[in-house]
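Enquirer: One file: my_file_14.txt (compact mmCIF, C-alpha atoms).
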# COMPACT_ATOMS: atom_id res chain seq x y z
CA MET A 26 58.31 -57.08 38.88
CA THR A 27 55.51 -59.64 38.58
CA PRO A 28 56.07 -63.20 39.79
CA GLN A 29 56.59 -65.94 37.24
CA PRO A 30 55.43 -69.54 37.62
CA LEU A 31 57.63 -71.25 40.19
CA THR A 32 57.71 -74.50 38.22
CA SER A 33 58.18 -75.37 34.58
CA PRO A 34 55.04 -76.12 32.55
CA ASP A 35 53.86 -79.68 33.11
CA PRO A 36 50.71 -80.37 31.05
CA GLN A 37 50.78 -84.06 32.00
CA ALA A 38 50.55 -83.23 35.71
CA GLY A 39 47.78 -80.76 34.97
CA ALA A 40 45.85 -83.39 33.06
CA ALA A 41 46.12 -85.76 36.04
CA VAL A 42 44.83 -83.09 38.43
CA LYS A 43 41.94 -82.34 36.07
CA ALA A 44 41.08 -86.03 35.63
CA ALA A 45 40.94 -86.63 39.40
CA ASP A 46 38.82 -83.51 39.85
CA ARG A 47 36.34 -84.56 37.20
CA ALA A 48 36.15 -88.09 38.58
CA HIS A 49 35.64 -87.22 42.24
CA VAL A 50 35.09 -83.52 43.11
CA PHE A 51 31.51 -82.26 43.27
CA HIS A 52 31.63 -78.50 42.66
CA SER A 53 29.33 -75.91 44.21
CA TRP A 54 26.72 -73.92 42.26
CA SER A 55 27.41 -75.95 39.09
CA ALA A 56 25.90 -78.42 36.67
CA GLN A 57 28.67 -80.96 37.09
CA GLY A 58 28.75 -82.13 33.49
CA LEU A 59 28.96 -78.62 32.04
CA ILE A 60 32.01 -77.24 33.86
CA ASP A 61 35.70 -77.34 32.98
CA PRO A 62 37.72 -76.24 36.04
CA LEU A 63 41.15 -74.79 35.41
CA ALA A 64 43.91 -76.88 37.02
CA VAL A 65 45.98 -74.45 39.09
CA ALA A 66 49.69 -75.15 39.60
CA GLY A 67 50.53 -72.30 41.93
CA ALA A 68 49.94 -68.72 43.06
CA GLU A 69 51.86 -65.83 44.54
CA GLY A 70 50.79 -62.28 45.36
CA ALA A 71 48.16 -61.09 42.90
CA TYR A 72 48.81 -63.86 40.34
CA PHE A 73 48.20 -67.56 39.77
CA TRP A 74 49.19 -69.91 36.97
CA ASP A 75 48.20 -73.21 35.40
CA TYR A 76 50.20 -76.29 34.43
CA ASP A 77 50.65 -75.02 30.87
CA GLY A 78 52.52 -71.98 32.14
CA ASN A 79 49.71 -69.47 31.58
CA ARG A 80 49.78 -66.76 34.24
CA TYR A 81 46.73 -64.74 35.32
CA LEU A 82 46.32 -61.51 37.26
CA ASP A 83 43.56 -62.41 39.70
CA PHE A 84 40.97 -59.63 39.61
CA THR A 85 38.65 -61.77 41.77
CA SER A 86 40.85 -62.21 44.87
CA GLY A 87 39.75 -65.86 44.90
CA LEU A 88 36.14 -65.27 45.88
CA VAL A 89 36.94 -61.75 47.09
CA TYR A 90 38.91 -63.03 50.06
CA THR A 91 42.65 -63.05 49.29
CA ASN A 92 42.93 -59.50 50.61
CA ILE A 93 46.69 -59.80 51.10
CA GLY A 94 47.23 -61.94 47.99
CA TYR A 95 48.41 -65.52 47.74
CA GLN A 96 51.18 -67.10 49.81
CA HIS A 97 52.15 -64.13 51.95
CA PRO A 98 55.30 -65.47 53.64
CA LYS A 99 54.53 -64.08 57.10
CA VAL A 100 51.08 -65.69 57.22
CA VAL A 101 52.36 -68.98 55.81
CA ALA A 102 55.08 -68.97 58.49
CA ALA A 103 52.53 -68.25 61.23
CA ILE A 104 50.42 -71.23 60.14
CA GLN A 105 53.49 -73.45 60.08
CA GLU A 106 54.58 -72.28 63.52
CA GLN A 107 51.12 -72.83 64.99
CA ALA A 108 50.94 -76.31 63.46
CA GLY A 109 54.19 -77.18 65.18
CA LYS A 110 53.02 -75.79 68.53
CA LEU A 111 49.31 -76.70 68.75
CA ALA A 112 47.68 -77.78 65.51
CA THR A 113 44.16 -78.06 66.93
CA PHE A 114 42.21 -77.88 70.17
CA ALA A 115 38.57 -78.00 71.21
CA PRO A 116 36.65 -74.69 71.30
CA ALA A 117 35.70 -74.87 74.99
CA PHE A 118 39.26 -74.02 76.04
CA ALA A 119 41.18 -70.74 76.09
CA VAL A 120 43.88 -70.98 73.41
CA GLU A 121 46.43 -68.27 72.70
CA SER A 122 45.87 -67.86 68.95
CA ARG A 123 42.09 -67.85 69.45
CA SER A 124 42.20 -65.29 72.24
CA GLU A 125 44.60 -63.04 70.34
CA ALA A 126 42.59 -63.20 67.12
CA ALA A 127 39.43 -62.25 69.01
CA ARG A 128 41.23 -59.34 70.69
CA LEU A 129 42.64 -57.98 67.43
CA ILE A 130 39.27 -58.24 65.66
CA ALA A 131 37.39 -56.62 68.55
CA GLU A 132 39.87 -53.73 68.54
CA ARG A 133 38.87 -52.94 64.96
CA THR A 134 35.11 -53.47 65.02
CA PRO A 135 32.97 -50.37 65.59
CA GLY A 136 31.29 -49.48 68.88
CA ASP A 137 30.94 -52.15 71.54
CA LEU A 138 31.16 -55.18 69.26
CA ASP A 139 33.73 -56.69 71.58
CA LYS A 140 32.74 -60.35 71.88
CA ILE A 141 33.65 -62.67 69.00
CA PHE A 142 31.92 -65.96 68.18
CA PHE A 143 34.07 -67.87 65.70
CA THR A 144 32.71 -69.94 62.82
CA ASN A 145 34.26 -71.69 59.83
CA GLY A 146 33.02 -69.14 57.31
CA GLY A 147 30.52 -66.45 56.40
CA ALA A 148 27.41 -68.59 55.96
CA GLU A 149 27.78 -70.05 59.45
CA ALA A 150 28.30 -66.52 60.75
CA ILE A 151 24.92 -65.51 59.32
CA GLU A 152 23.32 -68.67 60.70
CA ASN A 153 24.49 -67.81 64.19
CA ALA A 154 23.80 -64.08 63.95
CA VAL A 155 20.18 -64.83 63.03
CA ARG A 156 19.93 -67.37 65.83
CA MET A 157 21.29 -64.86 68.34
CA ALA A 158 18.84 -62.20 67.16
CA ARG A 159 15.87 -64.54 67.43
CA LEU A 160 16.84 -65.70 70.88
CA HIS A 161 17.60 -62.17 72.06
CA THR A 162 14.26 -60.77 70.88
CA GLY A 163 12.04 -63.84 71.13
CA ARG A 164 10.76 -63.03 67.63
CA PRO A 165 10.76 -65.29 64.54
CA LYS A 166 11.12 -63.17 61.38
CA VAL A 167 14.14 -61.78 59.58
CA LEU A 168 14.09 -59.04 56.94
CA SER A 169 16.76 -58.93 54.23
CA ALA A 170 17.22 -57.30 50.85
CA TYR A 171 16.74 -58.50 47.34
CA ARG A 172 20.05 -58.25 45.46
CA SER A 173 22.01 -59.80 48.32
CA TYR A 174 24.03 -62.90 49.11
CA HIS A 175 24.56 -64.20 52.64
CA GLY A 176 25.69 -67.81 52.23
CA GLY A 177 24.66 -71.29 51.17
CA THR A 178 23.59 -72.95 54.45
CA ALA A 179 19.94 -73.42 55.43
CA THR A 180 19.11 -70.05 57.02
CA ALA A 181 21.74 -68.07 55.10
CA ILE A 182 20.43 -69.14 51.70
CA ASN A 183 16.91 -68.12 52.68
CA VAL A 184 18.20 -64.75 53.88
CA THR A 185 19.93 -64.39 50.49
CA GLY A 186 18.10 -62.33 47.89
CA ASP A 187 19.56 -63.62 44.61
CA PRO A 188 18.42 -66.55 42.39
CA ARG A 189 20.53 -69.11 44.22
CA ARG A 190 17.84 -68.94 46.91
CA TRP A 191 15.04 -70.12 44.64
CA ALA A 192 15.80 -73.86 44.61
CA ASN A 193 16.38 -73.76 48.37
CA ASP A 194 13.38 -71.66 49.44
CA ASN A 195 11.65 -72.89 52.56
CA GLY A 196 8.29 -71.35 53.39
CA THR A 197 8.86 -71.87 57.11
CA ALA A 198 12.21 -70.05 57.17
CA GLY A 199 10.66 -66.82 58.42
CA VAL A 200 12.50 -64.53 55.98
CA VAL A 201 10.89 -61.52 54.27
CA HIS A 202 12.69 -59.66 51.49
CA PHE A 203 12.53 -55.96 50.68
CA TRP A 204 14.11 -53.54 48.21
CA ALA A 205 17.27 -51.80 49.34
CA PRO A 206 18.33 -48.57 47.60
CA PHE A 207 19.96 -48.81 44.16
CA LEU A 208 19.53 -45.59 42.19
CA TYR A 209 20.82 -46.91 38.84
CA ARG A 210 18.03 -49.50 38.77
CA SER A 211 15.70 -47.88 41.26
CA PRO A 212 12.50 -49.73 42.16
CA PHE A 213 11.21 -46.42 43.53
CA TYR A 214 11.49 -44.29 40.34
CA SER A 215 13.93 -42.00 42.11
CA GLU A 216 15.95 -39.38 40.30
CA THR A 217 18.43 -38.49 43.06
CA GLU A 218 20.29 -40.28 45.83
CA GLU A 219 18.27 -38.28 48.37
CA GLN A 220 15.00 -39.50 46.88
CA GLU A 221 16.25 -43.08 46.70
CA CYS A 222 17.31 -43.00 50.35
CA ALA A 223 14.03 -41.52 51.59
CA ARG A 224 11.84 -43.81 49.49
CA ALA A 225 13.82 -46.93 50.39
CA LEU A 226 13.47 -46.15 54.10
CA THR A 227 9.74 -45.55 53.68
CA HIS A 228 9.42 -48.86 51.84
CA LEU A 229 11.31 -50.66 54.62
CA GLU A 230 9.14 -49.11 57.30
CA ASP A 231 5.99 -50.02 55.36
CA THR A 232 7.23 -53.60 55.08
CA ILE A 233 7.80 -53.71 58.83
CA ALA A 234 4.33 -52.30 59.49
CA PHE A 235 2.62 -54.92 57.31
CA GLU A 236 4.72 -57.81 58.67
CA GLY A 237 4.20 -56.71 62.28
CA PRO A 238 7.13 -55.09 64.09
CA GLN A 239 6.61 -57.33 67.09
CA THR A 240 7.34 -60.39 64.89
CA ILE A 241 10.66 -59.18 63.45
CA ALA A 242 13.89 -60.25 65.13
CA ALA A 243 16.45 -58.76 62.75
CA ILE A 244 17.19 -56.78 59.64
CA VAL A 245 20.19 -58.23 57.83
CA LEU A 246 22.07 -56.12 55.27
CA GLU A 247 25.40 -56.33 53.53
CA THR A 248 26.98 -53.00 54.40
CA ILE A 249 27.92 -52.69 50.72
CA PRO A 250 26.38 -55.59 48.76
CA GLY A 251 29.11 -57.61 47.09
CA THR A 252 28.22 -60.36 44.61
CA ALA A 253 24.88 -58.66 43.90
CA GLY A 254 26.59 -55.61 42.41
CA ILE A 255 28.63 -53.45 44.83
CA MET A 256 25.79 -50.94 45.32
CA THR A 257 27.09 -48.41 47.85
CA PRO A 258 24.08 -47.24 49.91
CA PRO A 259 23.24 -43.53 49.66
CA PRO A 260 24.20 -41.19 52.51
CA GLY A 261 21.83 -41.56 55.43
CA TYR A 262 20.36 -44.94 54.49
CA LEU A 263 22.18 -47.16 56.99
CA ALA A 264 21.74 -44.53 59.70
CA GLY A 265 18.04 -44.57 58.88
CA VAL A 266 17.90 -48.36 59.17
CA ARG A 267 19.69 -48.09 62.51
CA GLU A 268 17.05 -45.64 63.75
CA ILE A 269 14.19 -47.87 62.58
CA CYS A 270 15.72 -50.89 64.33
CA ASP A 271 16.12 -48.93 67.55
CA ARG A 272 12.53 -47.72 67.39
CA TYR A 273 11.04 -51.20 66.96
CA GLY A 274 13.51 -53.22 69.05
CA ILE A 275 14.85 -55.00 65.98
CA VAL A 276 18.41 -56.34 65.90
CA PHE A 277 20.50 -54.69 63.17
CA VAL A 278 22.90 -57.16 61.52
CA LEU A 279 25.56 -55.98 59.07
CA ASP A 280 27.18 -58.60 56.86
CA GLU A 281 30.83 -57.62 56.32
CA VAL A 282 31.95 -61.02 55.05
CA MET A 283 33.04 -59.55 51.71
CA SER A 284 33.38 -55.85 52.50
CA GLY A 285 35.39 -56.21 55.72
CA PHE A 286 39.11 -56.21 56.47
CA GLY A 287 40.29 -53.51 54.12
CA ARG A 288 38.29 -54.27 51.01
CA THR A 289 36.60 -50.84 50.92
CA GLY A 290 39.60 -48.85 52.12
CA LYS A 291 38.50 -49.11 55.77
CA TRP A 292 38.83 -51.98 58.22
CA PHE A 293 35.06 -52.37 57.94
CA ALA A 294 32.71 -50.72 55.45
CA ALA A 295 30.47 -49.55 58.33
CA GLU A 296 33.13 -46.93 59.07
CA HIS A 297 32.20 -45.12 55.84
CA PHE A 298 28.70 -44.56 57.22
CA ASP A 299 29.42 -44.01 60.91
CA VAL A 300 26.99 -46.79 61.85
CA THR A 301 27.36 -49.51 64.48
CA PRO A 302 25.17 -52.61 64.14
CA ASP A 303 24.16 -54.94 66.96
CA LEU A 304 25.82 -57.90 65.26
CA MET A 305 28.44 -57.94 62.50
CA THR A 306 29.43 -61.01 60.51
CA PHE A 307 32.88 -61.47 59.00
CA ALA A 308 35.00 -64.09 57.22
CA LYS A 309 37.06 -64.07 53.98
CA GLY A 310 39.57 -61.24 54.47
CA VAL A 311 40.01 -61.88 58.21
CA ASN A 312 42.88 -64.19 57.27
CA SER A 313 42.87 -63.84 53.49
CA GLY A 314 41.18 -67.23 53.23
CA TYR A 315 44.36 -69.13 54.07
CA VAL A 316 42.48 -71.34 56.58
CA PRO A 317 38.65 -71.27 56.80
CA LEU A 318 37.47 -68.77 59.43
CA GLY A 319 34.47 -66.54 60.04
CA GLY A 320 32.59 -65.12 62.95
CA VAL A 321 30.08 -62.82 64.57
CA ALA A 322 31.09 -59.67 66.45
CA ILE A 323 28.52 -59.21 69.21
CA SER A 324 27.34 -56.10 71.06
CA ALA A 325 27.43 -55.93 74.84
CA GLU A 326 23.62 -56.02 75.10
CA ILE A 327 23.22 -59.17 73.03
CA ALA A 328 26.22 -60.85 74.66
CA ALA A 329 24.61 -60.19 78.06
CA THR A 330 21.56 -62.21 76.97
CA PHE A 331 23.73 -65.30 77.25
CA ASP A 332 25.55 -64.48 80.49
CA LYS A 333 23.33 -66.83 82.52
CA ARG A 334 21.54 -68.54 79.67
CA PRO A 335 23.49 -71.03 77.53
CA TYR A 336 23.87 -70.10 73.89
CA PRO A 337 22.46 -73.10 71.97
CA GLY A 338 24.97 -73.18 69.16
CA GLY A 339 28.52 -74.26 68.50
CA LEU A 340 30.97 -75.75 66.03
CA THR A 341 33.65 -78.39 66.47
CA TYR A 342 36.20 -76.15 64.78
CA SER A 343 35.07 -72.81 66.22
CA GLY A 344 38.18 -70.66 66.56
CA HIS A 345 40.46 -73.33 65.09
CA PRO A 346 44.04 -72.56 66.21
CA LEU A 347 45.49 -72.68 62.68
CA ALA A 348 42.80 -70.36 61.32
CA CYS A 349 43.18 -67.96 64.23
CA ALA A 350 46.97 -67.91 63.91
CA ALA A 351 46.47 -66.99 60.27
CA ALA A 352 44.09 -64.21 61.32
CA VAL A 353 46.56 -62.80 63.84
CA ALA A 354 49.33 -62.78 61.25
CA THR A 355 47.08 -61.30 58.57
CA ILE A 356 45.94 -58.42 60.76
CA GLN A 357 49.54 -57.74 61.78
CA VAL A 358 50.63 -57.75 58.12
CA MET A 359 47.81 -55.39 57.21
CA GLU A 360 48.95 -52.98 59.92
CA GLU A 361 52.67 -53.23 59.16
CA GLU A 362 52.28 -52.95 55.40
CA LYS A 363 49.45 -50.39 55.49
CA VAL A 364 47.23 -52.63 53.39
CA VAL A 365 44.00 -50.81 54.29
CA GLU A 366 45.56 -47.49 53.31
CA ASN A 367 46.79 -49.05 50.06
CA ALA A 368 43.28 -50.22 49.21
CA ALA A 369 41.93 -46.72 49.76
CA HIS A 370 44.75 -45.24 47.67
CA LEU A 371 44.17 -47.63 44.76
CA GLY A 372 40.48 -46.83 44.75
CA GLU A 373 40.97 -43.08 44.82
CA THR A 374 43.87 -42.74 42.39
CA VAL A 375 43.91 -45.77 40.07
CA LEU A 376 40.81 -47.99 39.99
CA GLY A 377 38.12 -45.33 40.39
CA PRO A 378 39.55 -42.87 37.83
CA GLY A 379 40.64 -45.69 35.52
CA LEU A 380 37.26 -47.43 35.47
CA ARG A 381 35.43 -44.15 34.94
CA GLU A 382 37.74 -43.41 32.02
CA LEU A 383 36.89 -46.80 30.51
CA ALA A 384 33.20 -45.97 30.89
CA GLU A 385 33.67 -42.80 28.86
CA ARG A 386 35.06 -44.79 25.93
CA HIS A 387 33.01 -48.00 26.04
CA PRO A 388 29.27 -47.79 25.34
CA SER A 389 28.76 -51.17 27.03
CA VAL A 390 29.54 -49.64 30.44
CA GLY A 391 26.35 -48.26 31.98
CA GLU A 392 27.65 -47.39 35.44
CA VAL A 393 30.81 -47.58 37.53
CA ARG A 394 30.34 -48.18 41.28
CA GLY A 395 32.66 -48.80 44.17
CA THR A 396 35.32 -47.77 46.66
CA GLY A 397 38.71 -49.08 47.72
CA VAL A 398 39.39 -52.29 45.79
CA PHE A 399 35.67 -53.08 45.55
CA TRP A 400 34.29 -51.99 42.15
CA ALA A 401 31.64 -53.04 39.65
CA LEU A 402 30.97 -52.22 36.03
CA ASP A 403 27.29 -52.53 35.13
CA LEU A 404 27.34 -53.64 31.47
CA VAL A 405 24.41 -52.74 29.23
CA ARG A 406 23.11 -53.16 25.70
CA ASP A 407 21.69 -49.66 25.70
CA ARG A 408 22.82 -46.82 27.93
CA GLU A 409 19.59 -44.90 27.47
CA THR A 410 17.26 -47.70 28.53
CA ARG A 411 19.88 -49.33 30.82
CA GLU A 412 18.95 -52.74 29.40
CA PRO A 413 21.48 -55.19 30.89
CA LEU A 414 23.99 -56.76 28.51
CA VAL A 415 22.45 -60.14 29.40
CA PRO A 416 19.07 -60.88 31.02
CA TYR A 417 18.74 -61.35 34.77
CA ASN A 418 20.08 -64.78 35.80
CA ALA A 419 20.93 -65.62 32.18
CA SER A 420 22.56 -68.92 31.29
CA GLY A 421 23.61 -70.73 28.12
CA GLU A 422 23.28 -68.79 24.90
CA ALA A 423 21.52 -65.91 26.66
CA ALA A 424 24.72 -65.30 28.66
CA ALA A 425 26.97 -65.41 25.58
CA PRO A 426 27.96 -61.70 25.62
CA MET A 427 29.33 -61.94 29.16
CA ALA A 428 31.03 -65.25 28.31
CA ALA A 429 32.73 -63.60 25.35
CA PHE A 430 33.87 -60.73 27.56
CA ALA A 431 35.27 -63.13 30.16
CA ALA A 432 37.07 -65.18 27.50
CA ALA A 433 38.72 -62.02 26.19
CA CYS A 434 39.96 -61.20 29.68
CA LYS A 435 41.43 -64.66 30.21
CA LYS A 436 43.06 -64.70 26.79
CA ASN A 437 45.02 -61.61 27.81
CA GLY A 438 46.02 -62.87 31.26
CA LEU A 439 43.30 -61.49 33.53
CA TRP A 440 40.97 -63.69 35.57
CA PRO A 441 37.72 -61.68 35.80
CA PHE A 442 34.87 -61.66 38.31
CA VAL A 443 31.69 -61.97 36.25
CA ASN A 444 28.16 -62.09 37.67
CA MET A 445 25.08 -61.69 35.49
CA ASN A 446 25.62 -58.45 33.51
CA ARG A 447 28.48 -57.15 35.65
CA THR A 448 32.20 -57.49 35.98
CA HIS A 449 33.76 -56.62 39.31
CA ALA A 450 37.26 -55.22 39.77
CA VAL A 451 38.28 -56.71 43.11
CA PRO A 452 42.05 -57.29 43.20
CA ALA A 453 44.00 -57.92 46.38
CA CYS A 454 44.01 -55.03 48.85
CA ASN A 455 47.81 -54.97 48.65
CA ALA A 456 47.97 -54.97 44.84
CA THR A 457 50.39 -52.46 43.39
CA GLU A 458 49.50 -49.52 41.15
CA ALA A 459 51.21 -51.34 38.28
CA GLU A 460 49.07 -54.45 38.83
CA ALA A 461 45.88 -52.42 39.00
CA LYS A 462 46.81 -50.61 35.77
CA GLU A 463 47.63 -53.95 34.12
CA GLY A 464 44.14 -55.14 34.99
CA LEU A 465 42.56 -51.96 33.64
CA ALA A 466 44.40 -52.38 30.34
CA VAL A 467 43.04 -55.91 29.89
CA LEU A 468 39.54 -54.76 30.83
CA ASP A 469 39.87 -52.03 28.22
CA ALA A 470 40.49 -54.58 25.47
CA ALA A 471 37.80 -56.98 26.71
CA LEU A 472 35.18 -54.24 26.89
CA SER A 473 35.63 -53.76 23.15
CA VAL A 474 34.18 -57.27 22.84
CA ALA A 475 31.25 -56.31 25.06
CA ASP A 476 30.75 -53.18 22.93
CA GLU A 477 29.94 -55.43 19.94
CA TYR A 478 26.66 -56.37 21.62
CA VAL A 479 25.50 -52.80 22.18
CA VAL A 480 22.44 -51.86 20.14
Before we go any further, please render this structure as structure tokens.
Expert:
Amino acid sequence: MTPQPLTSPDPQAGAAVKAADRAHVFHSWSAQGLIDPLAVAGAEGAYFWDYDGNRYLDFTSGLVYTNIGYQHPKVVAAIQEQAGKLATFAPAFAVESRSEAARLIAERTPGDLDKIFFTNGGAEAIENAVRMARLHTGRPKVLSAYRSYHGGTATAINVTGDPRRWANDNGTAGVVHFWAPFLYRSPFYSETEEQECARALTHLEDTIAFEGPQTIAAIVLETIPGTAGIMTPPPGYLAGVREICDRYGIVFVLDEVMSGFGRTGKWFAAEHFDVTPDLMTFAKGVNSGYVPLGGVAISAEIAATFDKRPYPGGLTYSGHPLACAAAVATIQVMEEEKVVENAAHLGETVLGPGLRELAERHPSVGEVRGTGVFWALDLVRDRETREPLVPYNASGEAAAPMAAFAAACKKNGLWPFVNMNRTHAVPACNATEAEAKEGLAVLDAALSVADEYVV
């Protein structure tokens, strides 16, 4: 049984919320005069609704972070209890919720990533991971992939490999980009996953050789890239990167901000590849986004660098008690309710088969990619040429086909994740089979709109 709006429609209240937003809120990644934010009245589980009484199945999980859905009562109660006991405290002290959150996270990270540095979100986690790598190695450069997103702060946006970096590029940032494997749109003219893996590793090693291995502090990769397209790396690629890093003394950083905490059907996506990085960043699903929290899981070797040497970084709200209490409760809920197992089950039995079946019937679907509750449909104008349904980084009229697809989803009660020529199916990790099938049915109808643009 799906939840209904908890309050009666109140368009007047919605109009007031919208008016205050438009008068005073400056929104991220937007031309302020061209946006029309939906006024949200409430949310529960996998759904949210507006002040007009329209209810939407959220196939975006917020920004791919509400891994246990909205308003989980046990996490809400934990935040309330912590607020009554100790609402905040400075990060230099040992606080129960902070210590317990760190312990629970460290228990689930791979290898010896047992020390946790808390941040307010994923971008700050990348900022600090890069800083740690540079200080640990004494080297300036960082390598990261095109088709990636690592955050909007100064270093994180330069590490990012998508167009949001362009307006923020800083020539002194010390970041070099390379091509990671992506067989469907291979930059290496590969025909098999094995070729793509081998050629991508050769390309990476060539890049290192020409940049100077002795100048490179870190290689930063999303374990499975998220916003850029959910491109699962081929077997052997991450292990190959691990070997290259070991050979040249380069710190290997895996970004699990989006792919961590159950999203891929494992606690962390690195488990799929049997690879342990030197540093791992996390955020989003660690507490389902209920209170801002992120962090860096740190290996014993890198942590030891700062045993006698102060780490020159910190945040006023590092390990905020409310955020950490939410993390403790979220991890406990995920264990008790087998949320990670549910994500794996949905991917194997509902989302994967269902999306592949849609691809068979809709010529606009070029490729289906994903695992767990982390899927992408690559939409195309021509399956033979693989021409994207809209051009790279399209906007305005050039993006009209994807806008029409998204409008069709919303009209039928599904809030879609749309980026460039892709739609991502990323519901909550604890979504039910019925909710996943509901989303697939709406996608089915909306893809008929996308099919109208196929040549």
Enquirer: Let me make sure I understand: among A:Thr144, A:Ser173, A:Ser86, A:Gln239, which one has the smallest atom-to-atom distance to A:Pro116 if we use all atoms listed in the file?
Expert: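 The closest residue to A:Pro116 is A:Thr144.
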Enquirer: Quick one, how far is atom CA of A:Met256 from atom CA of A:Pro206?
Expert: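 Separation between atom CA of A:Met256 and atom CA of A:Pro206: 8.2 Å.
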Enquirer: Write out as a PyMOL selection string each polymer residue whose atoms come within 8 Å of stretch 438-450 of chain A, counting only C-alpha atoms; drop sequence neighbours fewer than 3 positions from it.
Expert: chain A and resi 79-85+252-254+398-405+413-419+424+427+431+434-435+464+467
Enquirer: Might you pull out every residue within 6 Å of stretch 93-106 of chain A, with all atoms listed in the file counted and same-chain residues fewer than 5 positions away left off, and present them as a PyMOL selection string?
Expert: chain A and resi 68-71+347+351+354+453-455
Enquirer: Would you work out the distance separating atom CA of A:Asp61 from atom CA of A:Asp35, expressed in Å to one decimal?
Expert: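 Straight-line distance from atom CA of A:Asp61 to atom CA of A:Asp35 works out to 18.3 Å.
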Enquirer: What is the distance, in Å and to one decimal place, between atom CA of A:Glu360 and atom CA of A:Lys291?
Expert: 11.9 Å
Enquirer: With 10 Å as the threshold, what does the neighbourhood of (30.0, -50.6, 47.9) contain in terms of residues, counting all atoms listed in the file? Coordinates are those of the file; answer as a list in words.
Expert: Glu247, Thr248, Ile249, Pro250, Gly251, Gly254, Ile255, Met256, Thr257, Pro258, Pro259, Ser284, Arg288, Thr289, Ala294, His297, Arg394, Gly395, Thr396, Gly397, Val398, Phe399, Trp400 and Ala401 of chain A
Enquirer: Output C-alpha atoms of each residue in that selection to a file, as an mmCIF file, in the coordinates of the input.
Expert:
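Output file result_11.cif follows:
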data_model
loop_
_atom_site.group_PDB
_atom_site.id
_atom_site.type_symbol
_atom_site.label_atom_id
_atom_site.label_comp_id
_atom_site.auth_asym_id
_atom_site.auth_seq_id
_atom_site.Cartn_x
_atom_site.Cartn_y
_atom_site.Cartn_z
ATOM 1 C CA GLU A 247 25.400 -56.330 53.530
ATOM 2 C CA THR A 248 26.980 -53.000 54.400
ATOM 3 C CA ILE A 249 27.920 -52.690 50.720
ATOM 4 C CA PRO A 250 26.380 -55.590 48.760
ATOM 5 C CA GLY A 251 29.110 -57.610 47.090
ATOM 6 C CA GLY A 254 26.590 -55.610 42.410
ATOM 7 C CA ILE A 255 28.630 -53.450 44.830
ATOM 8 C CA MET A 256 25.790 -50.940 45.320
ATOM 9 C CA THR A 257 27.090 -48.410 47.850
ATOM 10 C CA PRO A 258 24.080 -47.240 49.910
ATOM 11 C CA PRO A 259 23.240 -43.530 49.660
ATOM 12 C CA SER A 284 33.380 -55.850 52.500
ATOM 13 C CA ARG A 288 38.290 -54.270 51.010
ATOM 14 C CA THR A 289 36.600 -50.840 50.920
ATOM 15 C CA ALA A 294 32.710 -50.720 55.450
ATOM 16 C CA HIS A 297 32.200 -45.120 55.840
ATOM 17 C CA ARG A 394 30.340 -48.180 41.280
ATOM 18 C CA GLY A 395 32.660 -48.800 44.170
ATOM 19 C CA THR A 396 35.320 -47.770 46.660
ATOM 20 C CA GLY A 397 38.710 -49.080 47.720
ATOM 21 C CA VAL A 398 39.390 -52.290 45.790
ATOM 22 C CA PHE A 399 35.670 -53.080 45.550
ATOM 23 C CA TRP A 400 34.290 -51.990 42.150
ATOM 24 C CA ALA A 401 31.640 -53.040 39.650
#
Enquirer: Point out the residue among A:Ala117, A:Ala205, A:Leu88, A:Ile269 with the least atom-to-atom distance to A:Ala234, counting all atoms listed in the file.
Expert: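 Residue with the minimum atom-to-atom distance to A:Ala234: A:Ile269.
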Enquirer: Between A:Ile182, A:Ala225, A:Ala48, A:Val167, which is the closest to A:Pro238 once you count all atoms listed in the file?
Expert: A:Val167
Enquirer: Leaving out A:Ala131 and any residue of its chain fewer than 3 positions from it, which residues lie within 8 Å of it when counting only C-alpha atoms, given as a list in words?
Expert: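 Result of the neighbour search: Ala127, Arg128, Thr134, Leu138, Asp139, Lys140, Ile141 and Ala322 of chain A.
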Enquirer: Could you check the closest approach to A:Ile151 for each of A:Val365, A:Ala66, A:Leu246, A:Cys270 and tell me which residue wins, using only C-alpha atoms?
Expert: A:Leu246
Enquirer: Pick out the closest residue to A:Trp191 from this set: A:Lys363, A:Tyr214, A:Val282, A:Gly177. Count all atoms listed in the file.
Expert: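 Checking each candidate against A:Trp191, we get A:Gly177 as the closest.
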Enquirer: Smallest atom-to-atom distance to A:Phe142: which of A:Asn437, A:Thr301, A:Ser343, A:Ser33, using only C-alpha atoms?
Expert: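 Between A:Asn437, A:Thr301, A:Ser343, A:Ser33, the residue approaching A:Phe142 most closely is A:Ser343.
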Enquirer: With 8 Å on each side, where is the centre of the axis-aligned box around all listed atoms of stretch 80-98 of chain A, and how long are its edges in Å to one decimal, as JSON?
Expert:
{"center_x": 45.7, "center_y": -63.3, "center_z": 43.9, "size_x": 35.2, "size_y": 23.6, "size_z": 35.4}
